[in-house]
Amino acid sequence: MASKNYYDVTEWPVGNPYEDIGEVINSIIADIKSRQTDTDVNKGGKPGAVIYIPPGDYHLGSQVVIDISYLKIMGSGHGFTSSSIRFNTSENEWADLHELWPGGSRILVDIPLEVNDEEYKGAAFYVERSGNPRISSVEFSDFCIDGLHFIEDGSRETNPENTYTNGKTGIYVASACDSFRITGMGFVYLEHGITIYHADALTIHDNFIAECGNCIELRGWGQASKITDNLIGAGFKGYSIYAQNFGGLLITANNVFPRGASSIYFDGATRSSITNNRLHSFYPGMVVFRGNCSENLVSSNHFLRDHEPWTPFLGIDNGLDDLYGLLYISGNNNSVIANHFSEGINTQNIKPVGATPVIIRIVSGNGNYISNNHVVATEVHAKISDSCFSAQVDALLTTEASEPLTVTTVLVEKESLQNTILDSGSDAQVVMDKTLNAFRATPTPGA
């Protein structure tokens, strides 16, 4: 017997999913609500439903509004492919490309926007419900949300497709939520990929979120959530991962691509873990702790800082200089243990001119523990290329260097006291008041 709680958008009688899948999904949600009205029938009553999106292209002109729990919206393929590479390829070459657009189960966000519209109005999926209990167990799985184009924003970008601005969001959760899951999704060319307020027990796992102005933003406050095994890469104006007033956040096993202003940005986050990630950036400020971030663990990550090798984005940065630090800490009792830092840059591009780049910078707070971190710093002259893929691969595989690069491995500012720095740089590489902080230098070979 077929279940009434399974819906295929291509078989629903209301609307045309290829012209406006938003209208179709909203109609389905209305049907679920009209049928599931009782809160207690045989110790159940509101099981929710599954909405299936087969592979295909579906325009979305009406925002999907979700205000029920236990809803899963799923497709059959995240369909990600690089729109940035296509838009920075001459249109004369497009006819020879195997495909032009993302695929799979793909939603094309066509929501009409006004200049001063509130941020949430640009969301393809808007989740909000007041009252108790919190909305729970909403799942998004295995489909692509495509913002299609970026637009001119008055910046110095000559190609509007490189601005990372269009007012569009993939998934926007405005109210307190519990046990949401976002898995196997593709997000591309959105100003905001995922924006979630007040999350509890959230899972963001195994997604491809790239070429978005911001990828993952956890706002307001939240707890006990995880961001794991994702491929992520924001634009130069935004965050790949941002968490505000969050406790107990696990960020593990993510591969974070370069070009985001920050790979990971904590604002008032506490007792959270950043472990076993591969982080790559073209700028300082890769991981930032602001707003008294305390008792966080940063361990077993690989940090790579090098220069932009792709022609369309040359000369663009996030506005920070090399004294800022790759890892910036403001807060108390954080642990930074057993990380590998690779910094391969050209001394001619160091800002300010003649400065000694900083790897780990403790700006304020007490009791931070920095131990057994390995820093490899070399002067590298990156090859510039019109090919994004080959330029990146060439840069990653280049290990030859003209000479070692002098860096400050750990800088402890005067506003920060009683920190412990062990085996994370030689005596000359660590700059701090050694009478007010504990210090043990990394042994220098041959010394």
# chains A, B, ... in the order shown; residues from 1 in each chain; ligands from 1
call {"tool": "residues_around", "arguments": {"residues": "A:Arg440", "least_positions_apart": "2", "cutoff": "7 Å", "atoms": "only C-alpha atoms", "output": "ChimeraX atom specification"}}
result
/A:421-423,442
call {"tool": "select_by_dssp", "arguments": {"residues": "stretch 244-374 of chain A", "states": "strand (DSSP E or B)", "output": "PyMOL selection string"}}
result
chain A and resi 244+246-252+255-256+262-267+270+273-275+278-281+287-290+294+297-299+302-305+310+327-330+335-337+340-345+358-366+369-371+374
call {"tool": "closest_atom_pairs", "arguments": {"of": "stretch 283-344 of chain A", "to": "stretch 160-170 of chain A", "cutoff": "12 Å", "atoms": "only C-alpha atoms", "output": "CSV"}}
result
residue,atom,partner,partner_atom,distance
A:Pro312,CA,A:Asn162,CA,8.4
A:Phe313,CA,A:Asn162,CA,8.3
A:Leu314,CA,A:Asn162,CA,11.9
A:Ile316,CA,A:Asn162,CA,11.0
call {"tool": "write_last_selection", "arguments": {"atoms": "N, CA and C atoms", "output": "PDB file, in the first residue's frame"}}
result
ATOM      1  N   PRO A 312      41.666  35.651 -12.631  1.00  0.00           N
ATOM      2  CA  PRO A 312      40.523  36.543 -12.383  1.00  0.00           C
ATOM      3  C   PRO A 312      40.485  37.164 -10.991  1.00  0.00           C
ATOM      4  N   PHE A 313      41.167  36.539 -10.010  1.00  0.00           N
ATOM      5  CA  PHE A 313      41.077  37.038  -8.640  1.00  0.00           C
ATOM      6  C   PHE A 313      42.401  37.610  -8.126  1.00  0.00           C
ATOM      7  N   LEU A 314      43.334  37.854  -9.007  1.00  0.00           N
ATOM      8  CA  LEU A 314      44.601  38.446  -8.588  1.00  0.00           C
ATOM      9  C   LEU A 314      44.369  39.842  -8.008  1.00  0.00           C
ATOM     10  N   ILE A 316      43.061  40.593  -5.154  1.00  0.00           N
ATOM     11  CA  ILE A 316      41.952  40.650  -4.208  1.00  0.00           C
ATOM     12  C   ILE A 316      42.378  40.004  -2.900  1.00  0.00           C
TER      13      ILE A 316
END
call {"tool": "residues_around", "arguments": {"residues": "A:Val431", "least_positions_apart": "4", "cutoff": "7 Å", "atoms": "only C-alpha atoms", "output": "ChimeraX atom specification"}}
result
/A:408,410-412
call {"tool": "residues_around", "arguments": {"residues": "A:Gln63", "least_positions_apart": "5", "cutoff": "10 Å", "atoms": "only C-alpha atoms", "output": "compact mmCIF listing (two decimals) with N, CA and C atoms, in the first residue's frame"}}
result
# COMPACT_ATOMS: atom_id res chain seq x y z
N ASP A 20 7.82 26.53 -11.22
CA ASP A 20 7.92 27.07 -9.86
C ASP A 20 7.74 25.93 -8.85
N ILE A 21 8.84 25.31 -8.50
CA ILE A 21 8.78 24.20 -7.55
C ILE A 21 8.38 24.70 -6.16
N GLY A 22 8.60 26.00 -5.90
CA GLY A 22 8.19 26.55 -4.62
C GLY A 22 6.69 26.45 -4.41
N GLU A 23 5.93 26.78 -5.44
CA GLU A 23 4.47 26.66 -5.35
C GLU A 23 4.06 25.21 -5.08
N ILE A 25 5.88 22.68 -3.64
CA ILE A 25 6.24 22.21 -2.30
C ILE A 25 5.37 22.86 -1.24
N ASN A 26 5.06 24.15 -1.39
CA ASN A 26 4.17 24.80 -0.42
C ASN A 26 2.79 24.15 -0.42
N VAL A 109 17.20 29.20 -8.17
CA VAL A 109 16.55 30.21 -7.34
C VAL A 109 16.29 31.46 -8.16
N ASP A 110 15.00 31.69 -8.47
CA ASP A 110 14.57 32.82 -9.30
C ASP A 110 13.71 33.81 -8.50
N ILE A 111 13.83 33.80 -7.17
CA ILE A 111 12.98 34.67 -6.35
C ILE A 111 13.21 36.13 -6.73
N PRO A 112 12.17 36.87 -7.05
CA PRO A 112 12.35 38.30 -7.36
C PRO A 112 12.64 39.09 -6.09
N TYR A 120 16.03 37.47 4.76
CA TYR A 120 15.36 36.17 4.68
C TYR A 120 14.49 36.03 3.43
N LYS A 121 14.08 37.16 2.84
CA LYS A 121 13.20 37.09 1.68
C LYS A 121 13.89 36.50 0.45
N GLY A 122 15.22 36.48 0.46
CA GLY A 122 15.95 35.89 -0.65
C GLY A 122 16.23 34.41 -0.49
N ALA A 123 15.65 33.79 0.55
CA ALA A 123 15.92 32.37 0.81
C ALA A 123 15.02 31.47 -0.02
N ALA A 124 15.61 30.43 -0.60
CA ALA A 124 14.82 29.43 -1.30
C ALA A 124 13.93 28.68 -0.32
N PHE A 125 14.51 28.29 0.85
CA PHE A 125 13.78 27.57 1.89
C PHE A 125 13.85 28.39 3.18
N TYR A 126 12.69 28.78 3.67
CA TYR A 126 12.59 29.60 4.88
C TYR A 126 11.87 28.78 5.95
call {"tool": "closest_residue", "arguments": {"among": "A:Thr444, A:Asn373, A:Gln348, A:Asn159", "to": "A:Ser300", "atoms": "only C-alpha atoms"}}
result
A:Asn373
call {"tool": "residues_around", "arguments": {"residues": "A:Lys351", "least_positions_apart": "5", "cutoff": "10 Å", "atoms": "only C-alpha atoms", "output": "PyMOL selection string"}}
result
chain A and resi 320-324+356-357
call {"tool": "residues_around", "arguments": {"residues": "A:Ala338", "least_positions_apart": "5", "cutoff": "8 Å", "atoms": "only C-alpha atoms", "output": "list in words"}}
result
Ser299, Ser300, Asn301, Ser371, Asn372, Asn373 and His374 of chain A
call {"tool": "residues_around", "arguments": {"residues": "stretch 65-73 of chain A", "least_positions_apart": "3", "cutoff": "7 Å", "atoms": "only C-alpha atoms", "output": "MDAnalysis selection string"}}
result
chainID A and resid 26 47:52 125:129 135:141
call {"tool": "closest_residue", "arguments": {"among": "A:Gly319, A:Gly103, A:Gly247, A:Gly184", "to": "A:Met74", "atoms": "only C-alpha atoms"}}
result
A:Gly184
call {"tool": "atom_distance", "arguments": {"atom1": "atom CA of A:Asn277", "atom2": "atom CA of A:Ala224"}}
result
18.6 Å
call {"tool": "select_by_dssp", "arguments": {"residues": "stretch 209-427 of chain A", "states": "alpha helix (DSSP H)", "output": "PyMOL selection string"}}
result
chain A and resi 388-397
call {"tool": "atom_distance", "arguments": {"atom1": "atom CA of A:Gly220", "atom2": "atom CA of A:Asn207"}}
result
22.8 Å
call {"tool": "closest_residue", "arguments": {"among": "A:Asp306, A:Glu114, A:Asp317, A:Asp142", "to": "A:Val380", "atoms": "only C-alpha atoms"}}
result
A:Asp306
call {"tool": "closest_residue", "arguments": {"among": "A:Asn366, A:Ser76, A:Ser273, A:Ser262", "to": "A:Leu326", "atoms": "only C-alpha atoms"}}
result
A:Ser262
